[in-house]
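Novice: Structure file input-v7.tsv (TSV, C-alpha atoms) is given on the next line.
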chain	number	residue	atom	x	y	z
A	213	MET	CA	-35.38	-21.39	-1.80
A	214	GLY	CA	-33.34	-18.60	-0.21
A	215	ASP	CA	-33.84	-14.86	-0.36
A	216	ARG	CA	-32.98	-13.49	-3.80
A	217	ALA	CA	-31.25	-10.28	-4.92
A	218	PRO	CA	-29.59	-8.84	-8.05
A	219	VAL	CA	-25.85	-8.52	-8.63
A	220	HIS	CA	-23.61	-6.45	-10.90
A	221	ILE	CA	-19.91	-7.27	-11.20
A	222	THR	CA	-17.20	-5.45	-13.13
A	223	ILE	CA	-14.11	-7.59	-13.82
A	224	GLY	CA	-10.72	-6.69	-15.26
A	225	GLY	CA	-7.24	-8.04	-15.69
A	226	ALA	CA	-5.48	-10.66	-17.77
A	227	LEU	CA	-6.95	-14.16	-18.00
A	228	PRO	CA	-5.11	-16.91	-19.89
A	229	ARG	CA	-7.31	-18.34	-22.65
A	230	GLU	CA	-7.04	-21.83	-21.14
A	231	HIS	CA	-9.13	-20.61	-18.15
A	232	LEU	CA	-11.80	-18.79	-20.15
A	233	GLU	CA	-14.04	-21.86	-20.48
A	234	ALA	CA	-14.01	-22.43	-16.71
A	235	PHE	CA	-14.86	-18.76	-16.14
A	236	ALA	CA	-17.72	-18.98	-18.65
A	237	ALA	CA	-19.06	-22.07	-16.85
A	238	HIS	CA	-19.17	-20.14	-13.56
A	239	ALA	CA	-20.94	-17.24	-15.26
A	240	ALA	CA	-23.46	-19.65	-16.82
A	241	HIS	CA	-24.06	-21.33	-13.45
A	242	TYR	CA	-25.39	-17.99	-12.15
A	243	ASP	CA	-27.04	-17.07	-15.48
A	244	LEU	CA	-24.96	-13.88	-15.66
A	245	ARG	CA	-25.85	-11.56	-18.50
A	246	THR	CA	-24.19	-8.73	-20.39
A	247	ASP	CA	-26.88	-6.29	-19.23
A	248	TRP	CA	-29.90	-6.38	-16.92
A	249	ASP	CA	-32.17	-8.93	-18.62
A	250	GLY	CA	-29.77	-8.91	-21.62
A	251	GLU	CA	-28.07	-11.73	-23.47
A	252	PRO	CA	-26.28	-14.47	-21.50
A	253	PHE	CA	-22.52	-14.05	-21.20
A	254	ASP	CA	-20.78	-15.45	-24.28
A	255	PRO	CA	-17.00	-15.86	-23.98
A	256	ALA	CA	-16.69	-15.41	-27.76
A	257	VAL	CA	-17.97	-11.84	-27.40
A	258	LEU	CA	-15.68	-9.92	-25.04
A	259	PRO	CA	-15.35	-6.17	-24.57
A	260	GLU	CA	-12.38	-4.52	-26.26
A	261	ALA	CA	-10.13	-2.41	-24.03
A	262	MET	CA	-12.80	-2.31	-21.32
A	263	PRO	CA	-13.65	-4.22	-18.15
A	264	LEU	CA	-16.20	-7.02	-18.41
A	265	GLU	CA	-19.56	-6.18	-16.85
A	266	LEU	CA	-21.97	-8.94	-15.87
A	267	TYR	CA	-25.42	-8.79	-14.31
A	268	GLY	CA	-27.53	-11.33	-12.49
A	269	MET	CA	-31.11	-11.34	-11.27
A	270	GLU	CA	-32.68	-13.17	-8.36
A	271	LEU	CA	-29.52	-14.79	-7.08
A	272	ASN	CA	-29.55	-16.61	-3.74
A	273	GLY	CA	-28.26	-14.11	-1.20
A	274	GLY	CA	-27.24	-11.82	-4.07
A	275	LEU	CA	-24.00	-13.80	-4.17
A	276	ILE	CA	-21.86	-15.28	-6.95
A	277	ASP	CA	-19.24	-16.98	-4.78
A	278	GLU	CA	-17.77	-19.17	-7.54
A	279	VAL	CA	-17.16	-16.11	-9.75
A	280	ASP	CA	-15.62	-14.16	-6.85
A	281	ASP	CA	-13.38	-17.11	-5.95
A	282	PHE	CA	-12.33	-17.62	-9.59
A	283	CYS	CA	-11.40	-13.94	-9.92
A	284	MET	CA	-9.35	-14.02	-6.72
A	285	GLU	CA	-7.61	-17.26	-7.70
A	286	HIS	CA	-6.59	-15.77	-11.07
A	287	GLY	CA	-5.74	-12.26	-9.83
A	288	LEU	CA	-8.61	-10.59	-11.68
A	289	HIS	CA	-9.74	-7.26	-10.26
A	290	PHE	CA	-13.43	-6.86	-9.51
A	291	HIS	CA	-16.06	-4.57	-8.09
A	292	ARG	CA	-19.27	-6.40	-7.14
A	293	TRP	CA	-22.50	-4.84	-5.96
A	294	SER	CA	-25.11	-7.17	-4.51
A	295	GLY	CA	-28.59	-5.94	-3.75
A	296	GLY	CA	-30.29	-6.53	-0.43
A	297	CYS	CA	-33.36	-8.38	0.70
A	298	LEU	CA	-35.49	-6.57	3.28
A	299	GLY	CA	-35.24	-8.31	6.63
A	300	ALA	CA	-32.62	-10.81	5.45
A	301	PHE	CA	-29.44	-9.01	4.32
A	302	ASP	CA	-28.28	-5.56	3.27
A	303	PRO	CA	-26.81	-4.52	-0.08
A	304	GLU	CA	-23.03	-4.71	-0.22
A	305	ILE	CA	-20.09	-3.81	-2.39
A	306	VAL	CA	-17.04	-6.07	-2.53
A	307	VAL	CA	-13.84	-4.91	-4.17
A	308	PHE	CA	-10.72	-6.88	-5.01
A	309	ASP	CA	-7.64	-5.27	-6.53
A	310	GLY	CA	-5.99	-8.46	-7.80
A	311	ALA	CA	-4.07	-9.42	-4.64
A	312	GLY	CA	-4.64	-9.85	-0.94
A	313	SER	CA	-8.14	-10.13	0.46
A	314	PRO	CA	-11.37	-8.66	-0.87
A	315	ARG	CA	-12.84	-5.68	0.96
A	316	SER	CA	-16.55	-5.54	1.78
A	317	TYR	CA	-18.63	-2.41	2.35
A	318	PHE	CA	-22.22	-1.58	3.18
A	319	ALA	CA	-24.10	-0.11	0.21
A	320	ASN	CA	-27.50	1.14	-0.82
A	321	GLU	CA	-29.73	-0.23	-3.58
A	322	GLU	CA	-28.24	2.27	-6.04
A	323	GLY	CA	-24.74	0.81	-5.59
A	324	THR	CA	-23.25	3.59	-3.49
A	325	VAL	CA	-20.87	2.69	-0.65
A	326	LEU	CA	-22.19	3.71	2.77
A	327	PHE	CA	-20.00	4.41	5.79
A	328	SER	CA	-21.58	4.16	9.23
A	329	LYS	CA	-21.16	6.85	11.85
A	330	SER	CA	-19.42	4.38	14.16
A	331	TRP	CA	-16.95	3.35	11.40
A	332	ILE	CA	-16.15	7.00	10.67
A	333	GLY	CA	-15.81	7.68	14.41
A	334	ASP	CA	-12.98	5.15	14.65
A	335	PHE	CA	-10.68	7.59	12.84
A	336	SER	CA	-8.90	10.38	14.69
A	337	ARG	CA	-7.36	11.97	11.58
A	338	LEU	CA	-9.24	13.11	8.51
A	339	ARG	CA	-6.34	12.02	6.28
A	340	ASP	CA	-6.65	8.40	7.52
A	341	LEU	CA	-10.42	8.45	7.05
A	342	LYS	CA	-10.05	9.68	3.46
A	343	ARG	CA	-7.49	6.94	2.70
A	344	ALA	CA	-9.78	4.26	4.11
A	345	MET	CA	-12.72	5.58	2.11
A	346	ALA	CA	-10.61	5.68	-1.07
A	347	ARG	CA	-9.90	1.95	-0.66
A	348	ALA	CA	-13.59	1.34	-1.43
A	349	GLU	CA	-12.96	2.66	-4.94
A	350	VAL	CA	-10.89	0.51	-7.26
A	351	SER	CA	-9.94	1.20	-10.83
A	352	ILE	CA	-10.83	-1.88	-12.84
A	353	PRO	CA	-8.47	-2.48	-15.78
A	354	PRO	CA	-9.68	-3.84	-19.12
A	355	PHE	CA	-10.56	-7.55	-19.25
A	356	ILE	CA	-8.14	-9.23	-21.64
A	357	VAL	CA	-7.63	-12.84	-22.63
A	358	THR	CA	-4.01	-13.78	-23.10
A	359	GLU	CA	-2.51	-16.69	-25.03
A	360	GLY	CA	-0.48	-18.03	-22.11
A	361	GLU	CA	0.06	-17.78	-18.38
A	362	PRO	CA	0.56	-14.14	-17.30
A	363	ASN	CA	4.16	-14.86	-16.25
A	364	ASP	CA	4.93	-17.07	-19.25
A	365	ARG	CA	7.83	-15.52	-21.19
A	366	SER	CA	7.75	-17.91	-24.15
Let me see whether you can do it: turn the structure in this file into structure tokens.
Specialist:
Amino acid sequence: MGDRAPVHITIGGALPREHLEAFAAHAAHYDLRTDWDGEPFDPAVLPEAMPLELYGMELNGGLIDEVDDFCMEHGLHFHRWSGGCLGAFDPEIVVFDGAGSPRSYFANEEGTVLFSKSWIGDFSRLRDLKRAMARAEVSIPPFIVTEGEPNDRS
């Protein structure tokens, strides 16, 4: 059994209904809940006009790789905080804005992004540093289930 840590993920974007069952299966695999120690995720009960928030306890490495991969494959935005395990791994925040590659940042146990002195020192202009720091913050759109593929015009 590996080192365990909690996770909190906020997900948004448009997901075609035909993929909702697969998403729910990934969430169930990790026993993701609608609140810390709350009810298990139920795809029949989705937030209205808000991002979907899911929580997990005692997850191996604090990771939910299948959920992350699913979100990236389907262009869903997410912000994931994973707690740390003393002596094994540090807390982290991973953000994905629906395209490209996810960005990973050091964090604390309260879910705040931390920037190291050496990382900050790599910037020679304050404007560039502020832009890089702003990339750690993503605005997560509402999670909506659509009746067809996002680019389907029928």
Novice: Choose the residue, out of A:Arg315, A:Arg292, A:Arg343, A:His241, that has the smallest atom-to-atom separation from Pro218 (chain A); count only C-alpha atoms.
Specialist: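 Smallest distance to Pro218 (chain A) is found for A:Arg292.
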Novice: Quick check, in Å to one decimal: how far apart do CA of Glu349 (chain A) and CA of Gly225 (chain A) lie?
Specialist: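 For CA of Glu349 (chain A) relative to CA of Gly225 (chain A), the distance reads 16.2 Å.
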Novice: Tell me, as a PyMOL selection string, which residues lie within 10 Å of Leu298 (chain A), counting all atoms listed in the file; anything in the same chain fewer than 5 positions away does not count.
Specialist: chain A and resi 215+217+303
Novice: Since we have the selection now, will you write its residues out, keeping C-alpha atoms, as a short mmCIF file (atom, residue, chain, number, x, y, z; two decimals), in the frame of the given file?
Specialist:
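Output below, filename selection.cif:
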data_model
loop_
_atom_site.label_atom_id
_atom_site.label_comp_id
_atom_site.auth_asym_id
_atom_site.auth_seq_id
_atom_site.Cartn_x
_atom_site.Cartn_y
_atom_site.Cartn_z
CA ASP A 215 -33.84 -14.86 -0.36
CA ALA A 217 -31.25 -10.28 -4.92
CA PRO A 303 -26.81 -4.52 -0.08
#
Novice: One decimal, in Å: what's the spacing between CA of Val307 (chain A) and CA of Leu338 (chain A)?
Specialist: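 Spanning CA of Val307 (chain A) to CA of Leu338 (chain A) is a straight-line distance of 22.5 Å.
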Novice: Tell me, as a ChimeraX atom specification, which residues lie within 9 Å of region 268-278 of chain A, counting all atoms listed in the file; anything in the same chain fewer than 6 positions away does not count.
Specialist: /A:213-221,238-239,241-249,293-297,300-301,303
Novice: I'd like the neighbourhood of Thr324 (chain A) as a list of chain:residue names, where a residue qualifies if any of its atoms comes within 10 Å (using all atoms listed in the file), though same-chain residues fewer than 4 positions away should be ignored.
Specialist: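 That gives A:Trp293, A:Pro303, A:Glu304, A:Ile305, A:Tyr317, A:Phe318, A:Ala319, A:Asn320.
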Novice: Given the choices A:Pro354, A:Ala234, A:Ser316, A:Ala344, which gets closest to Leu258 (chain A) if the distance is worked out from only C-alpha atoms?
Specialist: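 With only C-alpha atoms as the atom set, the closest residue is A:Pro354.
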Novice: Write out as a ChimeraX atom specification which residues come within 12 Å of Gly287 (chain A) when counting all atoms listed in the file, dropping same-chain ones fewer than 5 positions away.
Specialist: /A:223-228,280-282,308-314,352-353,355,361-362
Novice: Which distance in Å separates CA of Arg347 (chain A) and CA of Ser328 (chain A), to one decimal?
Specialist: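 If I compute the distance from CA of Arg347 (chain A) to CA of Ser328 (chain A), I get 15.5 Å.
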Novice: Which of these, A:Ala237, A:Thr222, A:Leu264, A:His231, has the shortest distance to Glu359 (chain A) once you count all atoms listed in the file?
Specialist: A:His231
Novice: Writing N, CA, C and O atoms and nothing else, produce region 298-329 of chain A as a short mmCIF file (atom, residue, chain, number, x, y, z; two decimals), in the first residue's frame.
Specialist:
data_model
loop_
_atom_site.label_atom_id
_atom_site.label_comp_id
_atom_site.auth_asym_id
_atom_site.auth_seq_id
_atom_site.Cartn_x
_atom_site.Cartn_y
_atom_site.Cartn_z
N LEU A 298 4.23 13.45 4.39
CA LEU A 298 5.52 13.80 4.97
C LEU A 298 6.57 12.74 4.65
O LEU A 298 6.39 11.55 4.90
N GLY A 299 7.65 13.19 4.05
CA GLY A 299 8.76 12.32 3.72
C GLY A 299 8.61 11.57 2.40
O GLY A 299 9.54 10.89 1.96
N ALA A 300 7.44 11.67 1.76
CA ALA A 300 7.22 10.94 0.51
C ALA A 300 7.00 11.89 -0.68
O ALA A 300 7.66 11.77 -1.70
N PHE A 301 6.07 12.83 -0.55
CA PHE A 301 5.79 13.77 -1.63
C PHE A 301 5.12 15.00 -1.04
O PHE A 301 4.48 14.94 0.01
N ASP A 302 5.29 16.11 -1.74
CA ASP A 302 4.73 17.39 -1.31
C ASP A 302 3.34 17.61 -1.91
O ASP A 302 3.01 17.03 -2.94
N PRO A 303 2.54 18.49 -1.29
CA PRO A 303 1.27 18.86 -1.89
C PRO A 303 1.53 19.54 -3.25
O PRO A 303 2.59 20.14 -3.45
N GLU A 304 0.56 19.43 -4.15
CA GLU A 304 0.70 20.08 -5.44
C GLU A 304 -0.65 20.56 -5.93
O GLU A 304 -1.70 20.09 -5.49
N ILE A 305 -0.58 21.51 -6.85
CA ILE A 305 -1.75 21.98 -7.57
C ILE A 305 -1.46 21.78 -9.04
O ILE A 305 -0.38 22.14 -9.53
N VAL A 306 -2.42 21.18 -9.75
CA VAL A 306 -2.31 20.99 -11.19
C VAL A 306 -3.49 21.70 -11.82
O VAL A 306 -4.63 21.52 -11.38
N VAL A 307 -3.21 22.53 -12.83
CA VAL A 307 -4.27 23.24 -13.53
C VAL A 307 -4.21 22.89 -15.01
O VAL A 307 -3.14 22.66 -15.58
N PHE A 308 -5.39 22.83 -15.60
CA PHE A 308 -5.50 22.56 -17.03
C PHE A 308 -6.62 23.44 -17.56
O PHE A 308 -7.74 23.41 -17.03
N ASP A 309 -6.32 24.22 -18.60
CA ASP A 309 -7.31 25.16 -19.11
C ASP A 309 -8.01 24.68 -20.38
O ASP A 309 -8.49 25.48 -21.16
N GLY A 310 -8.09 23.37 -20.56
CA GLY A 310 -8.85 22.80 -21.66
C GLY A 310 -8.05 22.47 -22.90
O GLY A 310 -8.54 21.81 -23.80
N ALA A 311 -6.80 22.93 -22.98
CA ALA A 311 -5.96 22.65 -24.15
C ALA A 311 -4.49 22.69 -23.71
O ALA A 311 -4.15 23.23 -22.67
N GLY A 312 -3.66 22.09 -24.52
CA GLY A 312 -2.23 22.09 -24.21
C GLY A 312 -1.90 21.09 -23.12
O GLY A 312 -2.54 20.04 -23.01
N SER A 313 -0.92 21.44 -22.32
CA SER A 313 -0.46 20.56 -21.25
C SER A 313 -0.89 21.11 -19.90
O SER A 313 -0.99 22.33 -19.73
N PRO A 314 -1.08 20.23 -18.93
CA PRO A 314 -1.38 20.71 -17.57
C PRO A 314 -0.14 21.38 -16.97
O PRO A 314 0.99 21.09 -17.37
N ARG A 315 -0.38 22.27 -16.03
CA ARG A 315 0.70 22.96 -15.33
C ARG A 315 0.66 22.54 -13.86
O ARG A 315 -0.40 22.52 -13.25
N SER A 316 1.83 22.22 -13.32
CA SER A 316 1.93 21.73 -11.95
C SER A 316 2.70 22.73 -11.10
O SER A 316 3.70 23.30 -11.55
N TYR A 317 2.23 22.91 -9.86
CA TYR A 317 2.83 23.88 -8.94
C TYR A 317 2.96 23.27 -7.55
O TYR A 317 2.12 22.46 -7.14
N PHE A 318 3.98 23.69 -6.83
CA PHE A 318 4.08 23.33 -5.42
C PHE A 318 2.94 24.01 -4.68
O PHE A 318 2.49 25.09 -5.06
N ALA A 319 2.48 23.39 -3.59
CA ALA A 319 1.39 23.96 -2.81
C ALA A 319 1.62 23.65 -1.34
O ALA A 319 2.52 22.90 -0.97
N ASN A 320 0.77 24.23 -0.50
CA ASN A 320 0.78 23.86 0.91
C ASN A 320 -0.46 23.01 1.19
O ASN A 320 -1.27 22.76 0.30
N GLU A 321 -0.62 22.60 2.43
CA GLU A 321 -1.75 21.73 2.78
C GLU A 321 -3.08 22.47 2.78
O GLU A 321 -4.13 21.85 2.83
N GLU A 322 -3.05 23.79 2.69
CA GLU A 322 -4.29 24.57 2.61
C GLU A 322 -4.71 24.82 1.18
O GLU A 322 -5.72 25.45 0.92
N GLY A 323 -3.92 24.35 0.20
CA GLY A 323 -4.28 24.50 -1.20
C GLY A 323 -3.81 25.80 -1.83
O GLY A 323 -4.33 26.20 -2.87
N THR A 324 -2.82 26.44 -1.25
CA THR A 324 -2.27 27.67 -1.79
C THR A 324 -1.03 27.35 -2.62
O THR A 324 -0.17 26.59 -2.17
N VAL A 325 -0.92 27.94 -3.81
CA VAL A 325 0.26 27.75 -4.65
C VAL A 325 1.45 28.41 -3.97
O VAL A 325 1.34 29.52 -3.44
N LEU A 326 2.58 27.73 -4.00
CA LEU A 326 3.83 28.25 -3.45
C LEU A 326 4.86 28.40 -4.56
O LEU A 326 5.00 27.50 -5.40
N PHE A 327 5.56 29.51 -4.57
CA PHE A 327 6.61 29.75 -5.56
C PHE A 327 7.94 29.83 -4.84
O PHE A 327 8.11 30.62 -3.91
N SER A 328 8.89 29.02 -5.27
CA SER A 328 10.19 28.98 -4.60
C SER A 328 11.02 30.22 -4.96
O SER A 328 10.83 30.85 -6.00
N LYS A 329 11.95 30.52 -4.08
CA LYS A 329 12.83 31.66 -4.29
C LYS A 329 13.63 31.49 -5.58
O LYS A 329 13.80 32.43 -6.35
#
